[in-house]
>>> print(open('model_5.txt').read())   # compact mmCIF, C-alpha atoms
# COMPACT_ATOMS: atom_id res chain seq x y z
CA MET G 1 -20.20 17.44 32.82
CA ASN G 2 -20.88 20.96 31.80
CA LYS G 3 -21.43 22.23 28.28
CA TRP G 4 -17.80 23.34 27.80
CA MET G 5 -16.42 19.91 28.73
CA TRP G 6 -18.60 18.31 26.03
CA ILE G 7 -17.43 20.85 23.48
CA ILE G 8 -13.77 20.14 24.34
CA ILE G 9 -14.34 16.37 24.11
CA PHE G 10 -16.09 16.83 20.76
CA PHE G 11 -13.13 18.75 19.30
CA ILE G 12 -10.61 16.22 20.65
CA VAL G 13 -12.53 13.36 19.02
CA GLN G 14 -12.77 15.31 15.77
CA ALA G 15 -9.05 16.05 15.79
CA PHE G 16 -7.75 12.63 16.83
CA GLY G 17 -10.57 10.12 16.59
CA ASP G 18 -10.22 9.65 12.84
CA ALA G 19 -6.45 9.87 12.70
CA ARG G 20 -4.98 8.50 9.51
CA ALA G 21 -1.67 6.90 8.80
CA GLU G 22 0.46 8.59 6.16
CA ILE G 23 1.82 5.93 3.78
CA VAL G 24 4.36 6.78 1.09
CA ILE G 25 6.14 4.59 -1.46
CA THR G 26 9.72 5.87 -1.76
CA THR G 27 11.22 3.14 -4.00
CA PRO G 28 10.82 2.38 -6.86
CA SER G 29 10.04 5.69 -8.50
CA ASP G 30 7.10 6.24 -10.79
CA ASN G 31 7.68 5.01 -14.38
CA ASN G 32 10.86 3.08 -13.52
CA TYR G 33 11.76 -0.29 -14.96
CA VAL G 34 11.81 -3.02 -12.30
CA GLU G 35 12.81 -6.67 -12.19
CA GLU G 36 10.44 -9.56 -11.55
CA ARG G 37 10.94 -9.45 -7.74
CA PRO G 38 11.69 -5.83 -6.76
CA ILE G 39 11.83 -4.59 -3.20
CA VAL G 40 9.34 -1.81 -2.57
CA ARG G 41 10.20 0.59 0.25
CA GLY G 42 8.36 3.36 1.96
CA THR G 43 7.35 5.10 5.14
CA ILE G 44 4.28 4.95 7.35
CA ASN G 45 3.48 7.31 10.18
CA PRO G 46 2.39 6.16 12.69
CA SER G 47 3.88 2.68 12.39
CA ALA G 48 1.40 -0.02 11.31
CA PRO G 49 1.28 -3.17 9.13
CA VAL G 50 1.58 -2.43 5.39
CA TRP G 51 0.25 -4.51 2.49
CA VAL G 52 1.30 -3.86 -1.11
CA ILE G 53 -1.10 -4.51 -3.98
CA VAL G 54 0.00 -4.89 -7.62
CA HIS G 55 -2.36 -4.19 -10.50
CA PRO G 56 -1.32 -5.28 -14.01
CA VAL G 57 -2.58 -2.24 -15.95
CA LYS G 58 -4.36 -4.08 -18.79
CA THR G 59 -6.27 -6.43 -16.46
CA SER G 60 -8.96 -6.16 -13.80
CA ASN G 61 -6.89 -8.10 -11.24
CA TYR G 62 -5.28 -6.67 -8.11
CA TRP G 63 -2.75 -9.04 -6.53
CA VAL G 64 -2.10 -9.00 -2.77
CA GLN G 65 1.65 -9.24 -2.17
CA PRO G 66 3.56 -10.64 0.83
CA ILE G 67 3.06 -8.47 3.92
CA SER G 68 5.79 -5.92 4.41
CA THR G 69 8.41 -5.79 7.12
CA VAL G 70 7.93 -2.69 9.27
CA ASN G 71 10.77 -1.17 11.27
CA GLY G 72 9.59 1.95 13.07
CA THR G 73 8.14 4.18 10.37
CA ASN G 74 9.99 2.43 7.51
CA TRP G 75 8.60 -0.56 5.64
CA SER G 76 9.72 -2.82 2.79
CA ALA G 77 8.32 -5.76 0.86
CA GLN G 78 9.70 -7.98 -1.87
CA ILE G 79 6.87 -8.22 -4.37
CA TYR G 80 6.04 -9.97 -7.64
CA ILE G 81 5.74 -7.99 -10.87
CA GLY G 82 4.12 -10.26 -13.42
CA ARG G 83 4.71 -13.90 -14.13
CA PRO G 84 8.05 -15.71 -14.04
CA GLY G 85 10.10 -15.56 -17.21
CA SER G 86 9.90 -12.97 -19.96
CA ILE G 87 6.17 -13.06 -20.79
CA ASP G 88 5.45 -9.78 -18.91
CA VAL G 89 8.61 -7.86 -19.87
CA GLY G 90 7.61 -4.40 -21.09
CA LYS G 91 4.17 -4.49 -19.44
CA HIS G 92 2.95 -1.79 -17.05
CA PHE G 93 1.94 -2.39 -13.44
CA GLU G 94 0.49 -0.13 -10.76
CA ILE G 95 1.66 -0.46 -7.16
CA LYS G 96 -0.14 0.88 -4.09
CA ALA G 97 0.44 0.32 -0.36
CA PHE G 98 -2.30 -0.02 2.27
CA SER G 99 -2.61 -0.22 6.02
CA VAL G 100 -5.69 -2.29 6.81
CA ALA G 101 -6.76 -2.27 10.45
CA ASN G 102 -8.83 -5.45 10.30
CA ASN G 103 -5.99 -7.24 8.46
CA ASN G 104 -8.34 -9.02 6.06
CA LEU G 105 -5.74 -9.31 3.28
CA THR G 106 -3.89 -12.52 2.46
CA GLU G 107 -0.84 -12.96 0.25
CA GLY G 108 -1.69 -14.26 -3.23
CA VAL G 109 -5.38 -13.32 -3.15
CA VAL G 110 -6.66 -11.68 -6.32
CA LEU G 111 -9.04 -8.76 -5.79
CA GLY G 112 -11.32 -7.04 -8.28
CA ARG G 113 -10.28 -3.53 -7.17
CA TRP G 114 -8.09 -1.71 -4.69
CA PRO G 115 -9.08 -2.68 -1.13
CA ASP G 116 -11.25 -0.37 0.94
CA ALA G 117 -8.87 1.29 3.36
CA LYS G 118 -8.67 4.85 4.56
CA ASP G 119 -4.89 4.59 4.85
CA ASN G 120 -3.19 4.15 1.50
CA SER G 121 -0.30 5.48 -0.53
CA GLN G 122 -0.04 7.12 -3.88
CA VAL G 123 -0.21 4.85 -6.94
CA ILE G 124 3.06 4.40 -8.79
CA GLU G 125 3.37 2.80 -12.20
CA VAL G 126 6.33 0.62 -13.09
CA ILE G 127 7.40 -1.24 -16.21
CA ARG G 128 8.62 -4.80 -15.99
CA GLY G 129 12.20 -5.09 -17.19
CA LYS G 130 14.27 -8.24 -17.55
>>> encode(input="model_5.txt", output="structure tokens")
Amino acid sequence: MNKWMWIIIFFIVQAFGDARAEIVITTPSDNNYVEERPIVRGTINPSAPVWVIVHPVKTSNYWVQPISTVNGTNWSAQIYIGRPGSIDVGKHFEIKAFSVANNNLTEGVVLGRWPDAKDNSQVIEVIRGK
């Protein structure tokens, strides 16, 4: 190959080789009150598996939620916000969605931080209602 072919290949790899998925949480909105088992919805482009992680704000735990259902570029997951009953009513929780290529997340696992993933959503904060 000549020099120009290598330059073209280099720019193609730079442009597409590190492509990222755009993940957005659309529901619930930031600072909304949610029930114990809300459904979180969002979009991902391009389509890929989505995991939701919940972080109770006053703890160092990050809870892996059930894997989402993906339909095209839309995804949804019914998650857990706090413990059953009223013990966590009024407490704040952060929610963030991730697409993890190596799929090393498992529902119910407690992490010490957000997972390492280049594809992730914004963080939204919710308040547990009744």
>>> residues_around(input="model_5.txt", residues="G:Tyr62", least_positions_apart="2", cutoff="7 Å", atoms="all atoms listed in the file", output="list in words")
Ile53, Val54, His55, Ser60, Val64, Val110, Leu111, Gly112, Arg113 and Trp114 of chain G
>>> closest_residue(input="model_5.txt", among="G:Val34, G:Val70, G:Ile25, G:Val52", to="G:Glu107", atoms="all atoms listed in the file")
G:Val52
>>> atom_distance(input="model_5.txt", atom1="atom CA of G:Glu36", atom2="atom CA of G:Lys130")
7.2 Å
>>> closest_residue(input="model_5.txt", among="G:Val123, G:Ile81, G:Val89, G:Ala97", to="G:Thr43", atoms="only C-alpha atoms")
G:Ala97
>>> atom_distance(input="model_5.txt", atom1="atom CA of G:Lys118", atom2="atom CA of G:Asn31")
25.0 Å
>>> atom_distance(input="model_5.txt", atom1="atom CA of G:Arg37", atom2="atom CA of G:Asp116")
25.5 Å
>>> build_atoms(input="model_5.txt", residues="stretch 36-69 of chain G", atoms="N, CA and C atoms", output="PDB file, keeping the file's coordinate frame")
ATOM      1  N   GLU G  36      11.587  -8.728 -11.908  1.00  0.00           N
ATOM      2  CA  GLU G  36      10.440  -9.560 -11.550  1.00  0.00           C
ATOM      3  C   GLU G  36      10.127  -9.537 -10.057  1.00  0.00           C
ATOM      4  N   ARG G  37      11.145  -9.434  -9.202  1.00  0.00           N
ATOM      5  CA  ARG G  37      10.940  -9.450  -7.740  1.00  0.00           C
ATOM      6  C   ARG G  37      11.591  -8.220  -7.093  1.00  0.00           C
ATOM      7  N   PRO G  38      11.086  -7.023  -7.363  1.00  0.00           N
ATOM      8  CA  PRO G  38      11.690  -5.830  -6.760  1.00  0.00           C
ATOM      9  C   PRO G  38      11.340  -5.713  -5.277  1.00  0.00           C
ATOM     10  N   ILE G  39      12.155  -4.946  -4.583  1.00  0.00           N
ATOM     11  CA  ILE G  39      11.830  -4.590  -3.200  1.00  0.00           C
ATOM     12  C   ILE G  39      11.222  -3.193  -3.232  1.00  0.00           C
ATOM     13  N   VAL G  40      10.027  -3.092  -2.671  1.00  0.00           N
ATOM     14  CA  VAL G  40       9.340  -1.810  -2.570  1.00  0.00           C
ATOM     15  C   VAL G  40       9.578  -1.301  -1.156  1.00  0.00           C
ATOM     16  N   ARG G  41       9.919  -0.020  -1.049  1.00  0.00           N
ATOM     17  CA  ARG G  41      10.200   0.590   0.250  1.00  0.00           C
ATOM     18  C   ARG G  41       9.350   1.845   0.425  1.00  0.00           C
ATOM     19  N   GLY G  42       9.109   2.150   1.689  1.00  0.00           N
ATOM     20  CA  GLY G  42       8.360   3.360   1.960  1.00  0.00           C
ATOM     21  C   GLY G  42       8.354   3.706   3.428  1.00  0.00           C
ATOM     22  N   THR G  43       7.495   4.664   3.755  1.00  0.00           N
ATOM     23  CA  THR G  43       7.350   5.100   5.140  1.00  0.00           C
ATOM     24  C   THR G  43       5.873   5.060   5.515  1.00  0.00           C
ATOM     25  N   ILE G  44       5.633   4.873   6.811  1.00  0.00           N
ATOM     26  CA  ILE G  44       4.280   4.950   7.350  1.00  0.00           C
ATOM     27  C   ILE G  44       4.366   5.632   8.713  1.00  0.00           C
ATOM     28  N   ASN G  45       3.494   6.583   8.919  1.00  0.00           N
ATOM     29  CA  ASN G  45       3.480   7.310  10.180  1.00  0.00           C
ATOM     30  C   ASN G  45       2.032   7.528  10.608  1.00  0.00           C
ATOM     31  N   PRO G  46       1.620   6.969  11.749  1.00  0.00           N
ATOM     32  CA  PRO G  46       2.390   6.160  12.690  1.00  0.00           C
ATOM     33  C   PRO G  46       2.602   4.745  12.158  1.00  0.00           C
ATOM     34  N   SER G  47       3.519   4.038  12.792  1.00  0.00           N
ATOM     35  CA  SER G  47       3.880   2.680  12.390  1.00  0.00           C
ATOM     36  C   SER G  47       2.661   1.763  12.429  1.00  0.00           C
ATOM     37  N   ALA G  48       2.516   0.921  11.400  1.00  0.00           N
ATOM     38  CA  ALA G  48       1.400  -0.020  11.310  1.00  0.00           C
ATOM     39  C   ALA G  48       1.748  -1.049  10.236  1.00  0.00           C
ATOM     40  N   PRO G  49       1.041  -2.195  10.196  1.00  0.00           N
ATOM     41  CA  PRO G  49       1.280  -3.170   9.130  1.00  0.00           C
ATOM     42  C   PRO G  49       0.973  -2.569   7.759  1.00  0.00           C
ATOM     43  N   VAL G  50       1.762  -2.949   6.757  1.00  0.00           N
ATOM     44  CA  VAL G  50       1.580  -2.430   5.390  1.00  0.00           C
ATOM     45  C   VAL G  50       1.459  -3.601   4.415  1.00  0.00           C
ATOM     46  N   TRP G  51       0.445  -3.533   3.572  1.00  0.00           N
ATOM     47  CA  TRP G  51       0.250  -4.510   2.490  1.00  0.00           C
ATOM     48  C   TRP G  51       0.447  -3.772   1.173  1.00  0.00           C
ATOM     49  N   VAL G  52       1.112  -4.417   0.223  1.00  0.00           N
ATOM     50  CA  VAL G  52       1.300  -3.860  -1.110  1.00  0.00           C
ATOM     51  C   VAL G  52       0.411  -4.636  -2.073  1.00  0.00           C
ATOM     52  N   ILE G  53      -0.248  -3.914  -2.966  1.00  0.00           N
ATOM     53  CA  ILE G  53      -1.100  -4.510  -3.980  1.00  0.00           C
ATOM     54  C   ILE G  53      -0.532  -4.135  -5.346  1.00  0.00           C
ATOM     55  N   VAL G  54      -0.491  -5.114  -6.259  1.00  0.00           N
ATOM     56  CA  VAL G  54       0.000  -4.890  -7.620  1.00  0.00           C
ATOM     57  C   VAL G  54      -1.142  -5.095  -8.594  1.00  0.00           C
ATOM     58  N   HIS G  55      -1.308  -4.129  -9.489  1.00  0.00           N
ATOM     59  CA  HIS G  55      -2.360  -4.190 -10.500  1.00  0.00           C
ATOM     60  C   HIS G  55      -1.727  -4.166 -11.896  1.00  0.00           C
ATOM     61  N   PRO G  56      -1.762  -5.306 -12.621  1.00  0.00           N
ATOM     62  CA  PRO G  56      -1.320  -5.280 -14.010  1.00  0.00           C
ATOM     63  C   PRO G  56      -2.283  -4.360 -14.792  1.00  0.00           C
ATOM     64  N   VAL G  57      -1.754  -3.318 -15.412  1.00  0.00           N
ATOM     65  CA  VAL G  57      -2.580  -2.240 -15.950  1.00  0.00           C
ATOM     66  C   VAL G  57      -3.651  -2.720 -16.935  1.00  0.00           C
ATOM     67  N   LYS G  58      -3.377  -3.669 -17.771  1.00  0.00           N
ATOM     68  CA  LYS G  58      -4.360  -4.080 -18.790  1.00  0.00           C
ATOM     69  C   LYS G  58      -5.263  -5.214 -18.318  1.00  0.00           C
ATOM     70  N   THR G  59      -5.374  -5.402 -16.991  1.00  0.00           N
ATOM     71  CA  THR G  59      -6.270  -6.430 -16.460  1.00  0.00           C
ATOM     72  C   THR G  59      -7.157  -5.816 -15.386  1.00  0.00           C
ATOM     73  N   SER G  60      -8.096  -6.601 -14.897  1.00  0.00           N
ATOM     74  CA  SER G  60      -8.960  -6.160 -13.800  1.00  0.00           C
ATOM     75  C   SER G  60      -8.557  -6.823 -12.487  1.00  0.00           C
ATOM     76  N   ASN G  61      -7.355  -7.402 -12.439  1.00  0.00           N
ATOM     77  CA  ASN G  61      -6.890  -8.100 -11.240  1.00  0.00           C
ATOM     78  C   ASN G  61      -5.976  -7.227 -10.394  1.00  0.00           C
ATOM     79  N   TYR G  62      -6.102  -7.376  -9.084  1.00  0.00           N
ATOM     80  CA  TYR G  62      -5.280  -6.670  -8.110  1.00  0.00           C
ATOM     81  C   TYR G  62      -4.703  -7.732  -7.172  1.00  0.00           C
ATOM     82  N   TRP G  63      -3.396  -7.939  -7.219  1.00  0.00           N
ATOM     83  CA  TRP G  63      -2.750  -9.040  -6.530  1.00  0.00           C
ATOM     84  C   TRP G  63      -2.191  -8.600  -5.179  1.00  0.00           C
ATOM     85  N   VAL G  64      -2.612  -9.278  -4.116  1.00  0.00           N
ATOM     86  CA  VAL G  64      -2.100  -9.000  -2.770  1.00  0.00           C
ATOM     87  C   VAL G  64      -0.707  -9.628  -2.664  1.00  0.00           C
ATOM     88  N   GLN G  65       0.253  -8.817  -2.272  1.00  0.00           N
ATOM     89  CA  GLN G  65       1.650  -9.240  -2.170  1.00  0.00           C
ATOM     90  C   GLN G  65       1.972  -9.683  -0.744  1.00  0.00           C
ATOM     91  N   PRO G  66       3.170 -10.270  -0.541  1.00  0.00           N
ATOM     92  CA  PRO G  66       3.560 -10.640   0.830  1.00  0.00           C
ATOM     93  C   PRO G  66       3.542  -9.412   1.743  1.00  0.00           C
ATOM     94  N   ILE G  67       3.112  -9.598   2.977  1.00  0.00           N
ATOM     95  CA  ILE G  67       3.060  -8.470   3.920  1.00  0.00           C
ATOM     96  C   ILE G  67       4.458  -7.894   4.102  1.00  0.00           C
ATOM     97  N   SER G  68       4.511  -6.606   4.291  1.00  0.00           N
ATOM     98  CA  SER G  68       5.790  -5.920   4.410  1.00  0.00           C
ATOM     99  C   SER G  68       6.417  -6.136   5.790  1.00  0.00           C
ATOM    100  N   THR G  69       7.686  -5.840   5.851  1.00  0.00           N
ATOM    101  CA  THR G  69       8.410  -5.790   7.120  1.00  0.00           C
ATOM    102  C   THR G  69       8.420  -4.331   7.547  1.00  0.00           C
TER     103      THR G  69
END
